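Here is the file input.csv (CSV, C-alpha atoms and all ligand atoms).
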chain,number,residue,atom,x,y,z
A,1,MET,CA,14.6,13.8,-3.6
A,2,ILE,CA,16.5,10.9,-2.1
A,3,THR,CA,19.5,9.9,-4.2
A,4,PHE,CA,21.6,6.7,-3.9
A,5,GLU,CA,24.9,7.4,-5.7
A,6,SER,CA,26.8,4.2,-6.4
A,7,VAL,CA,26.1,3.0,-2.9
A,8,SER,CA,27.6,-0.3,-1.7
A,9,LYS,CA,27.7,-2.0,1.7
A,10,SER,CA,29.8,-4.9,2.8
A,11,TYR,CA,29.5,-6.2,6.3
A,12,PRO,CA,32.4,-7.4,8.4
A,13,GLY,CA,32.9,-11.1,7.3
A,14,GLY,CA,32.5,-10.1,3.7
A,15,THR,CA,28.8,-10.2,3.0
A,16,ARG,CA,28.0,-7.9,0.1
A,17,ALA,CA,24.6,-6.6,1.2
A,18,VAL,CA,24.2,-3.8,-1.4
A,19,ASP,CA,26.1,-3.5,-4.7
A,20,GLU,CA,26.6,-0.2,-6.5
A,21,LEU,CA,23.0,1.0,-6.0
A,22,ASN,CA,21.9,4.0,-8.0
A,23,LEU,CA,18.4,5.2,-7.3
A,24,GLU,CA,16.5,8.5,-7.4
A,25,ILE,CA,13.5,8.7,-5.2
A,26,ALA,CA,11.2,11.6,-6.0
A,27,THR,CA,9.8,13.8,-3.3
A,28,GLY,CA,6.3,12.8,-2.4
A,29,SER,CA,6.5,9.4,-4.1
A,30,PHE,CA,5.8,6.0,-2.6
A,31,THR,CA,8.8,3.8,-3.4
A,32,VAL,CA,8.9,0.1,-2.5
A,33,LEU,CA,12.1,-1.9,-2.2
A,34,VAL,CA,11.2,-5.6,-2.9
A,35,GLY,CA,13.1,-8.8,-3.2
A,36,PRO,CA,13.8,-12.1,-1.4
A,37,SER,CA,15.2,-12.4,2.1
A,38,GLY,CA,18.8,-11.1,2.5
A,39,CYS,CA,18.9,-9.1,-0.8
A,40,GLY,CA,19.8,-5.9,1.0
A,41,LYS,CA,16.4,-4.1,1.3
A,42,THR,CA,16.7,-3.1,4.9
A,43,THR,CA,20.3,-2.3,4.6
A,44,SER,CA,19.6,0.1,1.7
A,45,MET,CA,16.7,1.7,3.5
A,46,ARG,CA,18.7,2.2,6.7
A,47,MET,CA,21.4,4.1,4.9
A,48,ILE,CA,18.8,6.9,4.4
A,49,ASN,CA,18.6,7.6,8.1
A,50,ARG,CA,22.2,6.7,8.8
A,51,MET,CA,21.4,3.6,10.8
A,52,VAL,CA,23.8,1.9,8.4
A,53,THR,CA,26.8,3.6,6.9
A,54,PRO,CA,27.7,2.9,3.3
A,55,SER,CA,31.0,1.2,2.6
A,56,SER,CA,31.3,3.4,-0.5
A,57,GLY,CA,29.1,5.8,-2.4
A,58,ARG,CA,26.7,8.5,-1.1
A,59,VAL,CA,23.1,8.9,0.0
A,60,LEU,CA,21.8,12.4,-0.5
A,61,ILE,CA,18.6,14.1,0.6
A,62,ASP,CA,17.7,17.1,-1.5
A,63,GLY,CA,21.3,17.2,-2.7
A,64,GLN,CA,22.8,17.0,0.8
A,65,ASP,CA,25.0,14.1,1.8
A,66,VAL,CA,23.4,12.5,4.8
A,67,SER,CA,26.8,11.7,6.3
A,68,GLY,CA,27.2,15.4,6.9
A,69,ILE,CA,24.0,15.7,8.9
A,70,ARG,CA,23.9,14.9,12.6
A,71,ALA,CA,22.2,11.6,13.0
A,72,VAL,CA,19.8,13.0,15.6
A,73,THR,CA,18.8,16.0,13.4
A,74,LEU,CA,18.4,13.7,10.4
A,75,ARG,CA,16.2,11.2,12.2
A,76,LEU,CA,13.9,13.9,13.5
A,77,GLY,CA,12.9,14.5,9.9
A,78,ILE,CA,12.5,10.9,9.0
A,79,GLY,CA,9.7,8.7,10.5
A,80,TYR,CA,10.5,5.1,10.9
A,81,VAL,CA,7.9,2.2,11.1
A,82,LEU,CA,9.2,-1.2,12.2
A,83,GLN,CA,7.9,-4.6,11.5
A,84,ASN,CA,6.5,-5.3,14.9
A,85,ALA,CA,5.5,-1.6,15.5
A,86,GLY,CA,8.5,-1.4,18.0
A,87,LEU,CA,6.4,0.4,20.6
A,88,PHE,CA,7.7,1.1,24.1
A,89,PRO,CA,5.8,-1.5,26.2
A,90,HIS,CA,5.7,0.6,29.4
A,91,ARG,CA,4.3,3.7,27.8
A,92,THR,CA,0.7,4.3,26.9
A,93,VAL,CA,-0.3,4.7,23.2
A,94,LEU,CA,-0.5,8.4,23.7
A,95,ASP,CA,3.0,8.7,25.1
A,96,ASN,CA,4.4,6.4,22.5
A,97,VAL,CA,2.9,8.6,19.7
A,98,GLY,CA,4.1,11.8,21.5
A,99,THR,CA,7.7,10.5,21.8
A,100,VAL,CA,9.2,12.6,19.0
A,101,GLN,CA,7.4,15.8,19.9
A,102,ARG,CA,8.8,15.5,23.4
A,103,LEU,CA,12.3,15.1,21.8
A,104,LEU,CA,11.5,18.2,19.7
A,105,GLY,CA,11.0,20.1,23.0
A,106,LEU,CA,7.2,20.2,23.2
A,107,ASN,CA,5.8,20.0,26.7
A,108,LYS,CA,3.7,17.0,27.7
A,109,ALA,CA,0.3,18.6,27.1
A,110,GLN,CA,1.4,19.9,23.6
A,111,ALA,CA,2.8,16.5,22.7
A,112,ARG,CA,-0.3,14.7,23.8
A,113,ALA,CA,-2.5,17.1,21.8
A,114,LYS,CA,-0.4,16.3,18.7
A,115,ALA,CA,-0.6,12.6,19.5
A,116,TYR,CA,-4.4,12.7,19.6
A,117,GLU,CA,-4.3,14.3,16.1
A,118,ALA,CA,-2.0,11.6,14.8
A,119,LEU,CA,-4.2,8.8,16.2
A,120,GLU,CA,-7.2,10.3,14.5
A,121,ARG,CA,-5.3,10.5,11.2
A,122,VAL,CA,-4.5,6.8,11.2
A,123,GLY,CA,-8.1,5.9,12.1
A,124,LEU,CA,-7.5,4.9,15.7
A,125,ASP,CA,-10.2,5.7,18.3
A,126,ALA,CA,-9.2,8.2,21.0
A,127,SER,CA,-10.5,5.7,23.6
A,128,LEU,CA,-7.4,3.5,23.0
A,129,ALA,CA,-5.0,6.3,23.8
A,130,LEU,CA,-4.5,5.4,27.5
A,131,ARG,CA,-4.0,1.7,26.8
A,132,TYR,CA,-0.6,0.0,26.8
A,133,PRO,CA,0.7,-1.7,23.6
A,134,ALA,CA,0.0,-5.2,25.0
A,135,GLN,CA,-3.6,-4.3,25.3
A,136,LEU,CA,-4.0,-3.7,21.5
A,137,SER,CA,-4.4,-6.1,18.6
A,138,GLY,CA,-1.4,-6.5,16.1
A,139,GLY,CA,-3.2,-4.3,13.6
A,140,GLN,CA,-3.9,-1.5,16.1
A,141,GLN,CA,-0.2,-1.6,17.3
A,142,GLN,CA,0.9,-1.2,13.7
A,143,ARG,CA,-1.4,1.8,13.4
A,144,VAL,CA,0.1,3.3,16.5
A,145,GLY,CA,3.5,2.7,15.0
A,146,VAL,CA,2.5,4.7,11.9
A,147,ALA,CA,0.9,7.4,14.0
A,148,ARG,CA,4.1,7.7,16.0
A,149,ALA,CA,6.2,8.0,12.9
A,150,LEU,CA,3.9,10.6,11.4
A,151,ALA,CA,3.2,12.6,14.6
A,152,ALA,CA,6.1,15.1,14.1
A,153,ASP,CA,5.1,15.5,10.5
A,154,PRO,CA,8.4,14.4,9.0
A,155,PRO,CA,8.8,14.8,5.2
A,156,ILE,CA,10.2,11.3,4.8
A,157,LEU,CA,8.7,8.0,6.1
A,158,LEU,CA,10.6,4.7,6.1
A,159,MET,CA,8.6,1.5,6.7
A,160,ASP,CA,10.3,-1.9,7.2
A,161,GLU,CA,7.9,-4.7,6.4
A,162,PRO,CA,5.2,-2.8,8.3
A,163,PHE,CA,2.4,-5.3,7.6
A,164,SER,CA,4.1,-8.6,7.8
A,165,ALA,CA,3.2,-9.5,11.3
A,166,VAL,CA,-0.6,-9.2,10.9
A,167,ASP,CA,-3.1,-11.5,9.4
A,168,PRO,CA,-4.1,-11.1,5.7
A,169,ILE,CA,-7.4,-9.3,6.3
A,170,VAL,CA,-5.8,-6.7,8.7
A,171,ARG,CA,-2.9,-6.5,6.3
A,172,LEU,CA,-5.3,-5.5,3.5
A,173,GLU,CA,-7.0,-2.9,5.8
A,174,LEU,CA,-3.6,-1.4,6.7
A,175,GLN,CA,-2.5,-1.2,3.1
A,176,GLN,CA,-5.7,0.6,2.2
A,177,GLU,CA,-5.2,2.9,5.2
A,178,VAL,CA,-1.7,3.8,4.1
A,179,GLN,CA,-2.9,4.4,0.6
A,180,ARG,CA,-5.6,6.7,1.9
A,181,LEU,CA,-3.1,8.5,4.2
A,182,GLN,CA,-0.6,8.9,1.4
A,183,ALA,CA,-3.1,10.5,-0.9
A,184,GLU,CA,-3.8,13.0,1.9
A,185,ILE,CA,-0.3,13.7,3.3
A,186,LYS,CA,2.0,13.1,0.3
A,187,LYS,CA,5.1,12.2,2.2
A,188,THR,CA,8.2,10.6,0.6
A,189,ILE,CA,7.6,7.0,1.6
A,190,VAL,CA,10.2,4.3,1.2
A,191,MET,CA,8.9,0.8,2.2
A,192,VAL,CA,10.6,-2.6,2.3
A,193,THR,CA,8.7,-5.8,1.6
A,194,HIS,CA,9.4,-9.2,0.3
A,195,ASP,CA,5.8,-9.4,-1.0
A,196,ILE,CA,5.6,-8.4,-4.7
A,197,ASP,CA,1.8,-8.1,-4.5
A,198,GLU,CA,2.1,-5.6,-1.8
A,199,ALA,CA,4.8,-3.7,-3.7
A,200,LEU,CA,2.6,-3.6,-6.9
A,201,THR,CA,-0.4,-2.5,-4.9
A,202,LEU,CA,1.3,0.4,-3.0
A,203,GLY,CA,4.3,1.6,-4.9
A,204,ASP,CA,4.4,4.5,-7.4
A,205,LYS,CA,7.9,3.1,-8.1
A,206,ILE,CA,9.3,-0.3,-7.3
A,207,ALA,CA,13.0,-1.2,-6.9
A,208,VAL,CA,13.5,-5.0,-7.3
A,209,LEU,CA,16.7,-6.2,-5.6
A,210,ALA,CA,18.3,-9.6,-6.1
A,211,PRO,CA,20.6,-11.5,-3.7
A,212,GLY,CA,23.9,-9.7,-3.3
A,213,GLY,CA,22.0,-6.3,-3.3
A,214,VAL,CA,22.0,-6.0,-7.1
A,215,LEU,CA,19.3,-3.7,-8.5
A,216,GLN,CA,17.3,-5.5,-11.2
A,217,GLN,CA,14.8,-2.9,-12.2
A,218,TYR,CA,13.5,0.4,-10.9
A,219,ALA,CA,10.2,1.2,-12.5
A,220,ASP,CA,6.4,1.8,-12.1
A,221,PRO,CA,4.3,-1.3,-11.3
A,222,LEU,CA,2.8,-1.7,-14.7
A,223,SER,CA,6.3,-1.7,-16.3
A,224,ILE,CA,7.5,-4.2,-13.8
A,225,LEU,CA,4.6,-6.5,-14.7
A,226,THR,CA,4.5,-6.0,-18.4
A,227,ARG,CA,8.1,-5.3,-19.2
A,228,PRO,CA,10.3,-7.2,-16.6
A,229,ALA,CA,13.9,-6.1,-17.2
A,230,THR,CA,15.6,-9.4,-16.2
A,231,ASN,CA,14.7,-13.1,-15.7
A,232,PHE,CA,14.9,-12.5,-12.0
A,233,VAL,CA,12.1,-9.8,-12.2
A,234,SER,CA,10.2,-12.0,-14.6
A,235,SER,CA,10.1,-15.0,-12.2
A,236,LEU,CA,9.2,-12.7,-9.3
A,237,VAL,CA,6.1,-11.4,-11.1
A,238,SER,CA,5.2,-14.5,-13.1
A,239,LYS,CA,2.3,-15.6,-10.9
A,240,ASP,CA,-1.0,-14.1,-12.0
A,241,ARG,CA,0.9,-11.6,-14.1
A,242,GLY,CA,-1.8,-11.0,-16.7
A,243,PHE,CA,-4.6,-10.7,-14.1
A,244,ARG,CA,-2.6,-8.3,-11.9
A,245,ALA,CA,-1.8,-6.1,-14.9
A,246,LEU,CA,-5.6,-5.4,-15.1
A,247,SER,CA,-5.2,-3.4,-11.9
A,248,PHE,CA,-3.5,-0.7,-14.0
A,249,GLU,CA,-6.2,-0.6,-16.7
A,250,SER,CA,-9.2,1.7,-16.2
A,251,LEU,CA,-12.8,1.1,-17.0
A,252,THR,CA,-12.9,4.0,-19.4
A,253,GLY,CA,-15.0,3.2,-22.4
A,254,LEU,CA,-17.1,0.5,-20.7
A,255,SER,CA,-20.5,0.2,-22.1
A,256,THR,CA,-23.2,-0.2,-19.4
A,257,THR,CA,-27.0,-0.6,-19.2
A,258,GLU,CA,-29.0,2.0,-17.4
A,259,LEU,CA,-31.0,0.8,-14.3
A,260,PRO,CA,-34.8,1.3,-14.2
A,261,ALA,CA,-36.2,3.8,-11.8
A,262,PRO,CA,-36.7,2.7,-8.1
A,263,ASP,CA,-40.2,1.5,-7.0
A,264,THR,CA,-42.2,3.3,-4.3
A,265,ALA,CA,-40.2,1.4,-1.6
A,266,GLY,CA,-37.0,2.9,-3.1
A,267,ARG,CA,-36.0,-0.5,-4.5
A,268,ILE,CA,-34.6,-1.1,-7.9
A,269,HIS,CA,-35.6,-4.2,-9.8
A,270,LEU,CA,-33.1,-5.2,-12.4
A,271,PRO,CA,-34.7,-6.6,-15.6
A,272,THR,CA,-34.1,-10.3,-15.9
A,273,LEU,CA,-30.6,-10.8,-17.2
A,274,GLY,CA,-29.7,-13.3,-19.9
A,275,ASN,CA,-29.0,-16.0,-17.4
A,276,GLY,CA,-32.4,-15.7,-15.7
A,277,PHE,CA,-31.3,-13.7,-12.7
A,278,SER,CA,-32.9,-10.5,-11.3
A,279,ALA,CA,-31.8,-8.3,-8.4
A,280,GLU,CA,-33.2,-6.0,-5.8
A,281,ILE,CA,-31.0,-3.2,-4.6
A,282,ASN,CA,-31.6,-2.1,-1.0
A,283,HIS,CA,-32.4,1.6,-0.6
A,284,ASP,CA,-29.0,2.2,1.1
A,285,ALA,CA,-27.3,0.0,-1.5
A,286,ALA,CA,-25.4,-1.8,1.2
A,287,THR,CA,-26.7,-5.2,0.1
A,288,VAL,CA,-28.1,-6.6,-3.0
A,289,CYS,CA,-30.5,-9.5,-3.2
A,290,TRP,CA,-30.0,-11.7,-6.2
A,291,SER,CA,-32.7,-14.1,-7.3
A,292,ASP,CA,-32.9,-16.7,-10.0
A,293,GLY,CA,-36.7,-17.0,-9.3
A,294,VAL,CA,-36.3,-19.9,-6.9
A,295,THR,CA,-33.7,-18.9,-4.3
A,296,VAL,CA,-32.8,-15.4,-3.1
A,297,ARG,CA,-29.3,-14.6,-2.0
A,298,SER,CA,-28.5,-11.5,-0.1
A,299,ALA,CA,-24.9,-10.4,-0.2
A,300,PRO,CA,-22.8,-7.3,0.2
A,301,GLN,CA,-22.2,-6.3,-3.4
A,302,PRO,CA,-19.0,-4.6,-4.5
A,303,ILE,CA,-20.2,-1.5,-6.1
A,304,ILE,CA,-17.9,-0.3,-8.9
A,305,ARG,CA,-17.1,3.4,-8.9
A,306,PRO,CA,-15.5,5.8,-11.4
A,307,GLY,CA,-11.8,5.3,-11.2
A,308,ASP,CA,-11.9,1.6,-10.2
A,309,SER,CA,-9.7,-0.6,-12.2
A,310,LEU,CA,-10.5,-3.2,-14.9
A,311,ARG,CA,-9.4,-5.9,-12.4
A,312,THR,CA,-11.9,-4.6,-9.8
A,313,GLY,CA,-14.6,-4.6,-12.4
A,314,LEU,CA,-13.9,-8.1,-13.6
A,315,ASP,CA,-13.7,-9.4,-10.0
A,316,ALA,CA,-17.1,-7.8,-9.3
A,317,VAL,CA,-18.7,-9.5,-12.3
A,318,LEU,CA,-17.1,-12.9,-11.5
A,319,ALA,CA,-18.2,-12.6,-7.8
A,320,SER,CA,-21.8,-11.6,-8.6
A,321,PRO,CA,-24.3,-14.4,-8.6
A,322,SER,CA,-25.9,-13.0,-11.7
A,323,SER,CA,-22.6,-12.1,-13.5
A,324,ALA,CA,-23.8,-8.5,-13.5
A,325,ALA,CA,-21.9,-5.8,-11.6
A,326,LEU,CA,-23.4,-2.5,-10.4
A,327,LEU,CA,-21.8,0.9,-11.3
A,328,ALA,CA,-22.2,4.0,-9.1
A,329,ASP,CA,-21.5,7.6,-9.9
A,330,HIS,CA,-19.1,9.8,-7.9
A,331,ASP,CA,-21.8,10.4,-5.3
A,332,GLY,CA,-22.3,6.7,-4.8
A,333,ASN,CA,-25.7,6.6,-6.6
A,334,ILE,CA,-26.0,3.3,-8.5
A,335,GLY,CA,-27.2,4.1,-12.1
A,336,SER,CA,-26.2,1.2,-14.3
A,337,TYR,CA,-24.9,-2.3,-14.5
A,338,PHE,CA,-22.5,-4.3,-16.8
A,339,THR,CA,-21.7,-7.9,-17.6
A,340,LEU,CA,-18.7,-9.9,-18.7
A,341,ALA,CA,-19.7,-9.3,-22.3
A,342,ASP,CA,-19.4,-5.5,-21.7
A,343,LEU,CA,-15.9,-6.0,-20.3
A,344,GLN,CA,-14.8,-8.1,-23.2
A,345,PRO,CA,-13.6,-5.2,-25.5
A,346,LEU,CA,-11.6,-3.7,-22.6
A,347,LEU,CA,-10.1,-7.1,-21.7
A,348,SER,CA,-9.1,-7.6,-25.4
A,349,LYS,CA,-7.5,-4.2,-25.5
A,350,ALA,CA,-5.6,-4.8,-22.2
A,351,THR,CA,-4.3,-8.1,-23.6
A,352,ARG,CA,-3.0,-6.3,-26.7
A,353,VAL,CA,-1.3,-3.6,-24.6
A,354,SER,CA,0.5,-6.1,-22.3
A,355,SER,CA,1.5,-8.7,-24.9
A,401,LIG,N1,24.8,-6.1,10.9
A,401,LIG,C1,25.1,-7.1,10.0
A,401,LIG,N2,26.2,-7.8,10.1
A,401,LIG,C2,26.6,-8.7,9.1
A,401,LIG,N3,25.8,-9.0,8.1
A,401,LIG,C3,24.6,-8.4,8.0
A,401,LIG,C4,24.2,-7.4,9.0
A,401,LIG,N4,23.0,-6.9,8.6
A,401,LIG,C5,22.6,-7.6,7.5
A,401,LIG,N5,23.6,-8.5,7.1
A,401,LIG,C6,23.6,-9.3,5.9
A,401,LIG,O1,23.4,-8.5,4.8
A,401,LIG,C7,22.6,-9.2,3.9
A,401,LIG,C8,21.4,-8.2,3.6
A,401,LIG,O2,20.6,-8.1,4.8
A,401,LIG,P1,19.3,-7.2,4.8
A,401,LIG,O3,18.7,-7.3,6.2
A,401,LIG,O4,19.6,-5.8,4.3
A,401,LIG,O5,18.4,-7.9,3.7
A,401,LIG,P2,16.8,-7.9,3.5
A,401,LIG,O6,16.6,-7.9,2.0
A,401,LIG,O7,16.2,-6.7,4.2
A,401,LIG,O8,16.4,-9.2,4.2
A,401,LIG,P3,15.0,-9.6,5.0
A,401,LIG,O9,13.9,-9.5,4.0
A,401,LIG,O10,15.3,-11.0,5.4
A,401,LIG,O11,14.9,-8.7,6.1
A,401,LIG,C9,22.1,-10.5,4.5
A,401,LIG,O12,23.0,-11.5,4.0
A,401,LIG,C10,22.4,-10.3,5.9
A,401,LIG,O13,22.7,-11.5,6.6
Mind turning the file's structure into structure tokens?
Amino acid sequence: MITFESVSKSYPGGTRAVDELNLEIATGSFTVLVGPSGCGKTTSMRMINRMVTPSSGRVLIDGQDVSGIRAVTLRLGIGYVLQNAGLFPHRTVLDNVGTVQRLLGLNKAQARAKAYEALERVGLDASLALRYPAQLSGGQQQRVGVARALAADPPILLMDEPFSAVDPIVRLELQQEVQRLQAEIKKTIVMVTHDIDEALTLGDKIAVLAPGGVLQQYADPLSILTRPATNFVSSLVSKDRGFRALSFESLTGLSTTELPAPDTAGRIHLPTLGNGFSAEINHDAATVCWSDGVTVRSAPQPIIRPGDSLRTGLDAVLASPSSAALLADHDGNIGSYFTLADLQPLLSKATRVSS
């Protein structure tokens, strides 16, 4: 547990960066500090690893005041991922990732072995290990930054705008990667972002800060969306609020129509839907050909799986040429489909819940 106890920070010159912050961050949770530029997010986060000293109040890790822990010792237990990866330009990927193990006293061979493990964990190919940072894409550099922060297996991971320097597609990939990783490793993650969408996607808990470092709300994403505590939070989440809230609704109770059996070629022919479309699903289900009897369009089809959200289901229906989305079981076998009409009862229920 990381605890902020009435923490304030004023910088020389009088800037009040953080104002009486009280926060309890549960062990193993993913907490996002979000707010506009200059509202004290980075300052707050850096007080956890003592890169910034509070002007008043205390930051505690598992009940221990961090000011009483030697900075070097403290930081060995806290991984830190920077906006531009912050890699050492003259060290290879492998040596960048092995930095902390070397500081921990492992010899070069042991550190490199651990570094290879960390690279694999963040989905980076071992063939990149001997490259220098400048020989990598922005997204790859960011993965190396995450691998380096995780290599020594610290219980806490701090991430400062880790995805802001990459393009939107890579950003989405990295977000998904971090979600996958967190499900596996269950670290206590504190991340800073100014992007409310990113906060809502990744956070178990979100702390919304306003200029002057004043905490506006500390809650789970659904509460932030549906029950904003202040006008400031309300204006931050107002765009697409209703649609985004569907991300937190499940598809439980969805009524679906069973698919017919595959033909001898292993293809499934959907019966003609109300709007005249039919579809053929490839054997490996990687693509679906939709046809209205005149033209045939082949497209990668988002396949909905158990556990996907109502938002994902709605998006699949809206994106499908036939307005039908396909549903797979836990093993990935597609067994049924659904339409907008099938989603309607769930959408009506979600509207009632969030209004
Ligand atoms: N070392 C410093 N000396 C003086 N003022 C500082 C210092 N660091 C930050 N500040 C000021 O404190 C306030 C909060 O800064 P901080 O970097 O914590 O905000 P932030 O929310 O992380 O902003 P951004 O999203 O732009 O990174 C700002 O007004 C900033 O100018």
- Identify, counting all atoms listed in the file, the protein, DNA and RNA residues located within 8 Å of ligand LIG 401 (chain A), and give them as a PyMOL selection string. chain A and resi 10-13+15-18+34-44+192-194+209+211-213
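One finds atom CA of A:Pro54 at 27.0 Å from atom CA of A:Leu103.
Interatomic distance, atom CA of A:Pro262 to atom CA of A:Val288: 13.7 Å.
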All residues 12 Å or closer to A:Thr312, all atoms listed in the file, same chain fewer than 4 positions away omitted, as a short mmCIF file (atom, residue, chain, number, x, y, z; two decimals) with C-alpha atoms, keeping the file's coordinate frame:
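After the write, part-v1.cif holds the following:
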data_model
loop_
_atom_site.label_atom_id
_atom_site.label_comp_id
_atom_site.auth_asym_id
_atom_site.auth_seq_id
_atom_site.Cartn_x
_atom_site.Cartn_y
_atom_site.Cartn_z
CA PHE A 243 -4.60 -10.70 -14.10
CA ARG A 244 -2.60 -8.30 -11.90
CA ALA A 245 -1.80 -6.10 -14.90
CA LEU A 246 -5.60 -5.40 -15.10
CA SER A 247 -5.20 -3.40 -11.90
CA PHE A 248 -3.50 -0.70 -14.00
CA GLU A 249 -6.20 -0.60 -16.70
CA SER A 250 -9.20 1.70 -16.20
CA LEU A 251 -12.80 1.10 -17.00
CA PRO A 302 -19.00 -4.60 -4.50
CA ILE A 303 -20.20 -1.50 -6.10
CA ILE A 304 -17.90 -0.30 -8.90
CA ARG A 305 -17.10 3.40 -8.90
CA PRO A 306 -15.50 5.80 -11.40
CA GLY A 307 -11.80 5.30 -11.20
CA ASP A 308 -11.90 1.60 -10.20
CA ALA A 316 -17.10 -7.80 -9.30
CA VAL A 317 -18.70 -9.50 -12.30
CA LEU A 318 -17.10 -12.90 -11.50
CA ALA A 319 -18.20 -12.60 -7.80
CA ALA A 325 -21.90 -5.80 -11.60
CA LEU A 326 -23.40 -2.50 -10.40
CA LEU A 327 -21.80 0.90 -11.30
CA LEU A 343 -15.90 -6.00 -20.30
#
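In this model, the gap between atom CA of A:Leu172 and atom CA of A:Phe30 comes to 17.1 Å.
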- Task: Determine the nearest neighbour of A:Thr27 from the options A:Thr3, A:Thr257, A:Gln83, A:Ser137, counting all atoms listed in the file.
- Result: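 For A:Thr27, the nearest of the candidates is A:Thr3.
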- Message: List the spatial neighbours of A:Ile189 as a PyMOL selection string - criterion: any atom at most 8 Å away, all atoms listed in the file, same-chain residues fewer than 3 positions off excluded.
- Response: chain A and resi 28-31+156-159
- Message: I'd like to know which of A:Ala151, A:Val100, A:Gln64, A:Arg143 is closest to A:Glu117, using only C-alpha atoms.
- Response: A:Ala151
- Which neighbours of A:Thr226 fall inside 12 Å, counting only C-alpha atoms, when residues of the same chain fewer than 4 positions from it are skipped, and could you give them as a PyMOL selection string? chain A and resi 200+219-222+230+233-234+237-238+240-248+350-355
